[in-house]
$ cat upload-v8.txt   # compact mmCIF, C-alpha atoms
# COMPACT_ATOMS: atom_id res chain seq x y z
CA MET A 1495 80.28 124.11 120.32
CA GLU A 1496 82.64 127.04 120.90
CA TYR A 1497 85.46 124.64 121.81
CA TYR A 1498 84.92 122.58 118.68
CA ARG A 1499 86.81 125.02 116.42
CA TYR A 1500 89.76 125.13 118.84
CA ILE A 1501 89.92 121.35 118.92
CA LEU A 1502 89.57 121.23 115.12
CA SER A 1503 92.53 123.61 114.85
CA VAL A 1504 94.60 121.42 117.19
CA HIS A 1505 93.54 118.37 115.16
CA ILE A 1506 94.74 119.95 111.90
CA ILE A 1507 98.02 121.21 113.40
CA PHE A 1508 98.98 117.82 114.82
CA MET A 1509 97.79 115.99 111.70
CA VAL A 1510 100.22 118.14 109.68
CA SER A 1511 102.99 117.36 112.19
CA TRP A 1512 102.16 113.66 112.09
CA MET A 1513 102.26 113.55 108.30
CA ALA A 1514 105.55 115.47 108.23
CA GLY A 1515 107.00 112.95 110.67
CA LEU A 1516 105.82 110.02 108.58
CA PHE A 1517 107.16 111.51 105.34
CA TYR A 1518 110.54 112.34 106.84
CA SER A 1519 110.85 109.03 108.74
CA VAL A 1520 110.45 106.92 105.63
CA ARG A 1521 112.86 109.20 103.76
CA LEU A 1522 115.39 108.51 106.54
CA PHE A 1523 114.70 104.78 106.22
CA ILE A 1524 115.59 105.03 102.52
CA TYR A 1525 118.89 106.74 103.29
CA HIS A 1526 119.54 104.26 106.11
CA VAL A 1527 119.15 101.33 103.71
CA GLU A 1528 121.24 103.03 101.02
CA ALA A 1529 124.04 103.57 103.54
CA GLU A 1530 124.53 99.79 103.43
CA ASP A 1531 126.32 100.28 100.10
CA LYS A 1532 128.90 102.65 101.60
CA PRO A 1533 132.40 101.64 102.77
CA GLU A 1534 132.35 100.12 106.28
CA ILE A 1535 133.54 103.17 108.27
CA GLU A 1536 131.14 105.52 106.49
CA ARG A 1537 128.31 102.95 106.68
CA ASN A 1538 128.72 102.51 110.45
CA ILE A 1539 128.76 106.25 111.10
CA LEU A 1540 125.76 106.91 108.83
CA GLN A 1541 123.66 104.06 110.15
CA ARG A 1542 124.28 105.01 113.79
CA GLU A 1543 123.32 108.60 112.99
CA TYR A 1544 120.20 107.53 111.08
CA GLU A 1545 119.15 105.34 114.01
CA ARG A 1546 119.55 108.28 116.38
CA ILE A 1547 117.66 110.72 114.15
CA GLU A 1548 114.91 108.19 113.35
CA ALA A 1549 114.32 107.44 117.03
CA LYS A 1550 114.19 111.11 118.02
CA LEU A 1551 111.86 112.01 115.15
CA TRP A 1552 109.62 109.05 115.91
CA HIS A 1553 109.42 109.42 119.69
CA ILE A 1554 109.51 113.22 119.99
CA ILE A 1555 107.43 114.31 116.97
CA THR A 1556 105.71 111.59 114.94
CA THR A 1557 104.10 109.42 117.62
CA PRO A 1558 103.11 112.31 119.94
CA ALA A 1559 101.59 114.13 116.94
CA MET A 1560 99.66 110.98 115.99
CA THR A 1561 98.42 110.61 119.56
CA LEU A 1562 97.30 114.24 119.78
CA THR A 1563 95.64 114.03 116.35
CA VAL A 1564 93.61 111.02 117.50
CA ILE A 1565 92.74 112.60 120.86
CA ALA A 1566 91.58 115.80 119.15
CA GLY A 1567 89.59 113.75 116.61
CA VAL A 1568 87.87 111.73 119.34
CA SER A 1569 87.14 114.99 121.21
CA MET A 1570 85.53 116.44 118.09
CA VAL A 1571 83.29 113.38 117.78
CA TYR A 1572 82.40 113.69 121.46
CA LEU A 1573 81.41 117.34 120.97
CA ASN A 1574 79.64 116.66 117.66
CA PRO A 1575 78.34 113.06 117.67
CA VAL A 1576 76.26 113.79 114.54
CA LEU A 1577 79.49 113.14 112.61
CA LEU A 1578 78.99 109.43 113.28
CA GLN A 1579 75.73 109.55 111.30
CA THR A 1580 77.38 110.73 108.08
CA SER A 1581 78.72 108.30 105.47
CA TRP A 1582 81.68 110.51 104.51
CA PHE A 1583 82.89 110.39 108.12
CA HIS A 1584 82.89 106.59 108.08
CA VAL A 1585 84.98 106.70 104.90
CA LYS A 1586 87.38 109.12 106.60
CA LEU A 1587 87.63 106.83 109.63
CA GLY A 1588 88.50 103.95 107.30
CA PHE A 1589 91.34 105.94 105.76
CA VAL A 1590 92.49 107.06 109.22
CA ALA A 1591 92.54 103.43 110.35
CA LEU A 1592 94.77 102.63 107.35
CA LEU A 1593 97.02 105.56 108.27
CA LEU A 1594 97.32 104.25 111.84
CA ILE A 1595 98.27 100.82 110.50
CA TYR A 1596 100.81 102.52 108.22
CA HIS A 1597 102.22 104.38 111.23
CA PHE A 1598 102.83 101.18 113.19
CA LEU A 1599 104.25 99.37 110.16
CA CYS A 1600 106.71 102.26 109.79
CA GLN A 1601 107.61 101.87 113.46
CA ASN A 1602 108.31 98.20 112.80
CA ILE A 1603 110.59 99.12 109.88
CA MET A 1604 112.48 101.51 112.14
CA TYR A 1605 113.04 98.76 114.72
CA GLN A 1606 114.11 96.30 112.00
CA LEU A 1607 116.64 98.84 110.72
CA LYS A 1608 118.01 99.32 114.22
CA LEU A 1609 118.48 95.56 114.59
CA GLY A 1610 120.01 95.26 111.12
CA LYS A 1611 117.17 92.96 110.04
CA CYS A 1612 115.42 95.16 107.47
CA LYS A 1613 115.41 93.42 104.08
CA THR A 1614 113.33 96.07 102.30
CA SER A 1615 115.07 97.75 99.37
CA SER A 1616 115.31 101.51 99.04
CA PHE A 1617 113.07 101.27 95.95
CA LYS A 1618 110.33 99.49 97.92
CA LEU A 1619 110.70 102.09 100.68
CA ARG A 1620 110.27 104.85 98.07
CA LEU A 1621 107.02 103.19 97.02
CA TRP A 1622 106.07 102.76 100.70
CA ASN A 1623 106.68 106.47 101.26
CA GLU A 1624 103.95 107.27 98.73
CA VAL A 1625 101.32 105.29 100.66
CA ALA A 1626 101.18 108.12 103.21
CA THR A 1627 100.68 110.63 100.38
CA ILE A 1628 97.82 108.60 98.94
CA LEU A 1629 96.15 108.30 102.35
CA LEU A 1630 96.60 112.02 103.01
CA VAL A 1631 94.98 112.90 99.67
CA ALA A 1632 92.13 110.47 100.36
CA ILE A 1633 91.48 111.89 103.83
CA VAL A 1634 91.62 115.54 102.77
CA PHE A 1635 89.36 115.03 99.75
CA THR A 1636 86.90 113.03 101.84
CA VAL A 1637 86.72 115.74 104.51
CA VAL A 1638 86.55 118.69 102.14
CA LEU A 1639 84.17 117.22 99.56
CA LYS A 1640 82.16 115.14 102.05
CA SER A 1641 79.28 113.70 100.03
CA ALA A 1642 79.67 116.07 97.08
CA VAL A 1643 81.38 113.43 94.95
CA ASN A 1644 80.05 110.01 94.14
CA TRP A 1645 82.23 107.51 96.02
CA VAL A 1646 82.86 105.53 92.81
CA TYR A 1647 84.38 108.58 91.09
CA GLY A 1648 86.37 109.36 94.21
CA LEU A 1649 87.75 105.83 94.37
CA VAL A 1650 88.61 105.82 90.66
CA GLY A 1651 90.34 109.19 91.09
CA LEU A 1652 92.31 107.89 94.07
CA ILE A 1653 93.39 104.80 92.15
CA ILE A 1654 94.51 106.93 89.19
CA PHE A 1655 96.43 109.21 91.57
CA ALA A 1656 98.10 106.19 93.21
CA VAL A 1657 99.09 104.74 89.82
CA VAL A 1658 100.55 108.07 88.70
CA ILE A 1659 102.59 108.34 91.90
CA MET A 1660 103.86 104.77 91.62
CA LEU A 1661 104.81 105.33 87.96
CA ALA A 1662 106.68 108.48 89.00
CA VAL A 1663 108.65 106.47 91.56
CA LYS A 1664 109.49 103.84 88.94
CA TRP A 1665 110.55 106.59 86.52
CA TYR A 1666 112.78 108.09 89.22
CA LYS A 1667 114.39 104.69 89.82
CA HIS A 1668 115.17 104.45 86.10
CA TYR A 1669 116.47 108.03 86.10
CA ARG A 1670 118.75 107.35 89.08
CA LYS A 1671 120.18 104.24 87.46
CA LYS A 1672 120.81 106.10 84.23
CA HIS A 1673 122.44 109.10 85.91
CA ASP A 1674 124.06 107.32 88.90
CA CYS A 1675 122.48 109.76 91.40
$ encode --input "upload-v8.txt" --output "structure tokens"
Amino acid sequence: MEYYRYILSVHIIFMVSWMAGLFYSVRLFIYHVEAEDKPEIERNILQREYERIEAKLWHIITTPAMTLTVIAGVSMVYLNPVLLQTSWFHVKLGFVALLLIYHFLCQNIMYQLKLGKCKTSSFKLRLWNEVATILLVAIVFTVVLKSAVNWVYGLVGLIIFAVVIMLAVKWYKHYRKKHDC
């Protein structure tokens, strides 16, 4: 059990790195899409640079951090299989599965952008960026509170949080239009 805390530390460190990579990647996707509205010379320079940065971030930080997060998580379950007998852990695994799906959907967006085939607007990407935030909040609250909160209240709280975030993104869109940011 002595190694468990070391592996837990590694798990947390790489989870933070993974989330940072996801947050920054989607932010780059937004800028990449918005570069389409620039004059041709500027657009070409920006999009080539975004492709380069996105690929480096994805292949050097985001995906390796995801891989190490998962490996550390599996190692923790191996060292402490009792986790599999707790309901909160199953909920966490569900949210982690959604985060993994989100990761690979982001990878697909990156490849679409590189091929010039991405039809997603910057507004939709701003909304998409918040999905990672919602999943992060869900995972952290599940792990920290475990079974302390009734799952119904937790789900209602998560839905309210998601609605507030989405409304904030819509407000920002309106603000940008009004102020030409």
$ atom_distance --input "upload-v8.txt" --atom1 "CA of Leu1516 in chain A" --atom2 "CA of Gly1651 in chain A"
23.4 Å
$ residues_near_point --input "upload-v8.txt" --point "(99.0, 105.3, 91.2)" --cutoff "12 Å" --atoms "all atoms listed in the file" --output "ChimeraX atom specification"
/A:1621,1624-1625,1627-1629,1649-1664
$ closest_residue --input "upload-v8.txt" --among "A:Met1560, A:Leu1551, A:Val1510, A:Cys1612" --to "Val1634 in chain A" --atoms "all atoms listed in the file"
A:Val1510
$ closest_residue --input "upload-v8.txt" --among "A:Thr1636, A:Thr1580, A:Thr1614, A:Thr1563" --to "Val1520 in chain A" --atoms "only C-alpha atoms"
A:Thr1614
$ closest_residue --input "upload-v8.txt" --among "A:Ile1633, A:Tyr1666, A:Asn1602, A:His1505" --to "Gly1588 in chain A" --atoms "only C-alpha atoms"
A:Ile1633
$ closest_residue --input "upload-v8.txt" --among "A:Trp1665, A:Lys1608, A:His1553, A:Tyr1572" --to "Asn1538 in chain A" --atoms "all atoms listed in the file"
A:Lys1608
$ atom_distance --input "upload-v8.txt" --atom1 "CA of Leu1619 in chain A" --atom2 "CA of Phe1517 in chain A"
11.1 Å
$ closest_residue --input "upload-v8.txt" --among "A:Val1637, A:Met1509, A:Leu1522, A:Met1570" --to "Val1585 in chain A" --atoms "all atoms listed in the file"
A:Val1637
$ closest_residue --input "upload-v8.txt" --among "A:Tyr1669, A:Trp1552, A:Phe1589, A:Tyr1605" --to "Tyr1518 in chain A" --atoms "only C-alpha atoms"
A:Trp1552
$ axis_aligned_box --input "upload-v8.txt" --around "range 1647-1651 of chain A" --padding-each-side "5 Å" --output "AutoDock Vina command-line options"
--center_x 87.4 --center_y 107.6 --center_z 92.5 --size_x 16.0 --size_y 13.5 --size_z 13.7
$ atom_distance --input "upload-v8.txt" --atom1 "CA of Arg1542 in chain A" --atom2 "CA of Gly1610 in chain A"
11.0 Å
$ decode --input "upload-v8.txt" --residues "range 1608-1654 of chain A" --atoms "N, CA and C atoms" --output "JSON list (two decimals), in the first residue's frame"
[["chain", "number", "residue", "atom", "x", "y", "z"],
["A", 1608, "LYS", "N", -6.85, 20.27, -39.66],
["A", 1608, "LYS", "CA", -5.64, 20.13, -40.48],
["A", 1608, "LYS", "C", -6.00, 19.89, -41.95],
["A", 1609, "LEU", "N", -7.07, 19.15, -42.18],
["A", 1609, "LEU", "CA", -7.49, 18.84, -43.55],
["A", 1609, "LEU", "C", -8.38, 19.93, -44.15],
["A", 1610, "GLY", "N", -8.69, 20.95, -43.34],
["A", 1610, "GLY", "CA", -9.57, 22.01, -43.82],
["A", 1610, "GLY", "C", -11.01, 21.58, -43.95],
["A", 1611, "LYS", "N", -11.41, 20.54, -43.19],
["A", 1611, "LYS", "CA", -12.76, 19.99, -43.30],
["A", 1611, "LYS", "C", -13.62, 20.24, -42.07],
["A", 1612, "CYS", "N", -13.13, 21.03, -41.13],
["A", 1612, "CYS", "CA", -13.88, 21.29, -39.91],
["A", 1612, "CYS", "C", -14.96, 22.33, -40.19],
["A", 1613, "LYS", "N", -16.21, 21.96, -39.95],
["A", 1613, "LYS", "CA", -17.34, 22.86, -40.21],
["A", 1613, "LYS", "C", -17.92, 23.41, -38.90],
["A", 1614, "THR", "N", -17.26, 23.15, -37.79],
["A", 1614, "THR", "CA", -17.75, 23.59, -36.49],
["A", 1614, "THR", "C", -17.41, 25.07, -36.29],
["A", 1615, "SER", "N", -18.39, 25.84, -35.85],
["A", 1615, "SER", "CA", -18.18, 27.27, -35.64],
["A", 1615, "SER", "C", -17.38, 27.50, -34.37],
["A", 1616, "SER", "N", -16.81, 28.69, -34.25],
["A", 1616, "SER", "CA", -16.05, 29.01, -33.05],
["A", 1616, "SER", "C", -16.97, 29.04, -31.83],
["A", 1617, "PHE", "N", -18.23, 29.45, -32.02],
["A", 1617, "PHE", "CA", -19.19, 29.45, -30.91],
["A", 1617, "PHE", "C", -19.44, 28.03, -30.41],
["A", 1618, "LYS", "N", -19.65, 27.09, -31.34],
["A", 1618, "LYS", "CA", -19.87, 25.69, -30.93],
["A", 1618, "LYS", "C", -18.61, 25.13, -30.25],
["A", 1619, "LEU", "N", -17.45, 25.53, -30.73],
["A", 1619, "LEU", "CA", -16.21, 25.08, -30.08],
["A", 1619, "LEU", "C", -16.08, 25.68, -28.67],
["A", 1620, "ARG", "N", -16.55, 26.91, -28.48],
["A", 1620, "ARG", "CA", -16.54, 27.50, -27.13],
["A", 1620, "ARG", "C", -17.44, 26.68, -26.20],
["A", 1621, "LEU", "N", -18.60, 26.28, -26.70],
["A", 1621, "LEU", "CA", -19.47, 25.41, -25.90],
["A", 1621, "LEU", "C", -18.79, 24.07, -25.64],
["A", 1622, "TRP", "N", -18.18, 23.52, -26.69],
["A", 1622, "TRP", "CA", -17.47, 22.23, -26.59],
["A", 1622, "TRP", "C", -16.36, 22.30, -25.54],
["A", 1623, "ASN", "N", -15.68, 23.43, -25.47],
["A", 1623, "ASN", "CA", -14.60, 23.61, -24.51],
["A", 1623, "ASN", "C", -15.10, 23.44, -23.08],
["A", 1624, "GLU", "N", -16.35, 23.80, -22.83],
["A", 1624, "GLU", "CA", -16.90, 23.73, -21.48],
["A", 1624, "GLU", "C", -17.27, 22.30, -21.07],
["A", 1625, "VAL", "N", -17.38, 21.41, -22.03],
["A", 1625, "VAL", "CA", -17.68, 20.01, -21.69],
["A", 1625, "VAL", "C", -16.58, 19.44, -20.80],
["A", 1626, "ALA", "N", -15.33, 19.76, -21.11],
["A", 1626, "ALA", "CA", -14.21, 19.28, -20.29],
["A", 1626, "ALA", "C", -14.31, 19.84, -18.87],
["A", 1627, "THR", "N", -14.73, 21.09, -18.75],
["A", 1627, "THR", "CA", -14.88, 21.70, -17.42],
["A", 1627, "THR", "C", -15.95, 20.96, -16.63],
["A", 1628, "ILE", "N", -17.07, 20.69, -17.28],
["A", 1628, "ILE", "CA", -18.17, 19.99, -16.60],
["A", 1628, "ILE", "C", -17.73, 18.60, -16.16],
["A", 1629, "LEU", "N", -17.02, 17.89, -17.02],
["A", 1629, "LEU", "CA", -16.54, 16.55, -16.65],
["A", 1629, "LEU", "C", -15.52, 16.62, -15.53],
["A", 1630, "LEU", "N", -14.63, 17.61, -15.57],
["A", 1630, "LEU", "CA", -13.65, 17.77, -14.49],
["A", 1630, "LEU", "C", -14.36, 18.00, -13.16],
["A", 1631, "VAL", "N", -15.34, 18.90, -13.14],
["A", 1631, "VAL", "CA", -16.08, 19.18, -11.91],
["A", 1631, "VAL", "C", -16.78, 17.91, -11.42],
["A", 1632, "ALA", "N", -17.40, 17.18, -12.33],
["A", 1632, "ALA", "CA", -18.10, 15.95, -11.95],
["A", 1632, "ALA", "C", -17.15, 14.93, -11.35],
["A", 1633, "ILE", "N", -15.98, 14.76, -11.97],
["A", 1633, "ILE", "CA", -15.01, 13.77, -11.47],
["A", 1633, "ILE", "C", -14.47, 14.18, -10.11],
["A", 1634, "VAL", "N", -14.08, 15.43, -9.96],
["A", 1634, "VAL", "CA", -13.51, 15.88, -8.69],
["A", 1634, "VAL", "C", -14.53, 15.78, -7.57],
["A", 1635, "PHE", "N", -15.75, 16.25, -7.80],
["A", 1635, "PHE", "CA", -16.77, 16.16, -6.76],
["A", 1635, "PHE", "C", -17.09, 14.72, -6.41],
["A", 1636, "THR", "N", -17.13, 13.85, -7.40],
["A", 1636, "THR", "CA", -17.40, 12.43, -7.14],
["A", 1636, "THR", "C", -16.31, 11.82, -6.27],
["A", 1637, "VAL", "N", -15.05, 12.13, -6.58],
["A", 1637, "VAL", "CA", -13.93, 11.55, -5.83],
["A", 1637, "VAL", "C", -13.86, 12.13, -4.42],
["A", 1638, "VAL", "N", -14.03, 13.42, -4.29],
["A", 1638, "VAL", "CA", -13.88, 14.06, -2.98],
["A", 1638, "VAL", "C", -15.07, 13.74, -2.08],
["A", 1639, "LEU", "N", -16.28, 13.83, -2.61],
["A", 1639, "LEU", "CA", -17.47, 13.62, -1.77],
["A", 1639, "LEU", "C", -17.85, 12.15, -1.65],
["A", 1640, "LYS", "N", -17.38, 11.33, -2.59],
["A", 1640, "LYS", "CA", -17.69, 9.90, -2.62],
["A", 1640, "LYS", "C", -19.19, 9.68, -2.45],
["A", 1641, "SER", "N", -19.61, 9.05, -1.40],
["A", 1641, "SER", "CA", -21.04, 8.77, -1.21],
["A", 1641, "SER", "C", -21.69, 9.75, -0.24],
["A", 1642, "ALA", "N", -21.03, 10.86, 0.04],
["A", 1642, "ALA", "CA", -21.55, 11.81, 1.02],
["A", 1642, "ALA", "C", -22.77, 12.57, 0.50],
["A", 1643, "VAL", "N", -22.93, 12.65, -0.80],
["A", 1643, "VAL", "CA", -24.04, 13.38, -1.39],
["A", 1643, "VAL", "C", -24.93, 12.41, -2.14],
["A", 1644, "ASN", "N", -26.21, 12.58, -1.98],
["A", 1644, "ASN", "CA", -27.16, 11.78, -2.73],
["A", 1644, "ASN", "C", -26.91, 12.02, -4.21],
["A", 1645, "TRP", "N", -26.89, 10.97, -5.01],
["A", 1645, "TRP", "CA", -26.56, 11.11, -6.43],
["A", 1645, "TRP", "C", -27.54, 12.00, -7.16],
["A", 1646, "VAL", "N", -28.80, 12.05, -6.71],
["A", 1646, "VAL", "CA", -29.80, 12.90, -7.37],
["A", 1646, "VAL", "C", -29.41, 14.37, -7.20],
["A", 1647, "TYR", "N", -29.04, 14.76, -5.97],
["A", 1647, "TYR", "CA", -28.61, 16.14, -5.72],
["A", 1647, "TYR", "C", -27.35, 16.47, -6.51],
["A", 1648, "GLY", "N", -26.46, 15.51, -6.55],
["A", 1648, "GLY", "CA", -25.22, 15.72, -7.32],
["A", 1648, "GLY", "C", -25.49, 15.93, -8.80],
["A", 1649, "LEU", "N", -26.39, 15.13, -9.35],
["A", 1649, "LEU", "CA", -26.73, 15.25, -10.76],
["A", 1649, "LEU", "C", -27.44, 16.58, -11.04],
["A", 1650, "VAL", "N", -28.36, 16.96, -10.16],
["A", 1650, "VAL", "CA", -29.06, 18.24, -10.32],
["A", 1650, "VAL", "C", -28.05, 19.39, -10.25],
["A", 1651, "GLY", "N", -27.12, 19.31, -9.29],
["A", 1651, "GLY", "CA", -26.08, 20.34, -9.18],
["A", 1651, "GLY", "C", -25.22, 20.42, -10.42],
["A", 1652, "LEU", "N", -24.87, 19.27, -10.97],
["A", 1652, "LEU", "CA", -24.05, 19.23, -12.19],
["A", 1652, "LEU", "C", -24.81, 19.84, -13.37],
["A", 1653, "ILE", "N", -26.08, 19.53, -13.48],
["A", 1653, "ILE", "CA", -26.89, 20.09, -14.56],
["A", 1653, "ILE", "C", -26.99, 21.60, -14.42],
["A", 1654, "ILE", "N", -27.23, 22.08, -13.21],
["A", 1654, "ILE", "CA", -27.29, 23.53, -12.98],
["A", 1654, "ILE", "C", -25.96, 24.18, -13.34]]
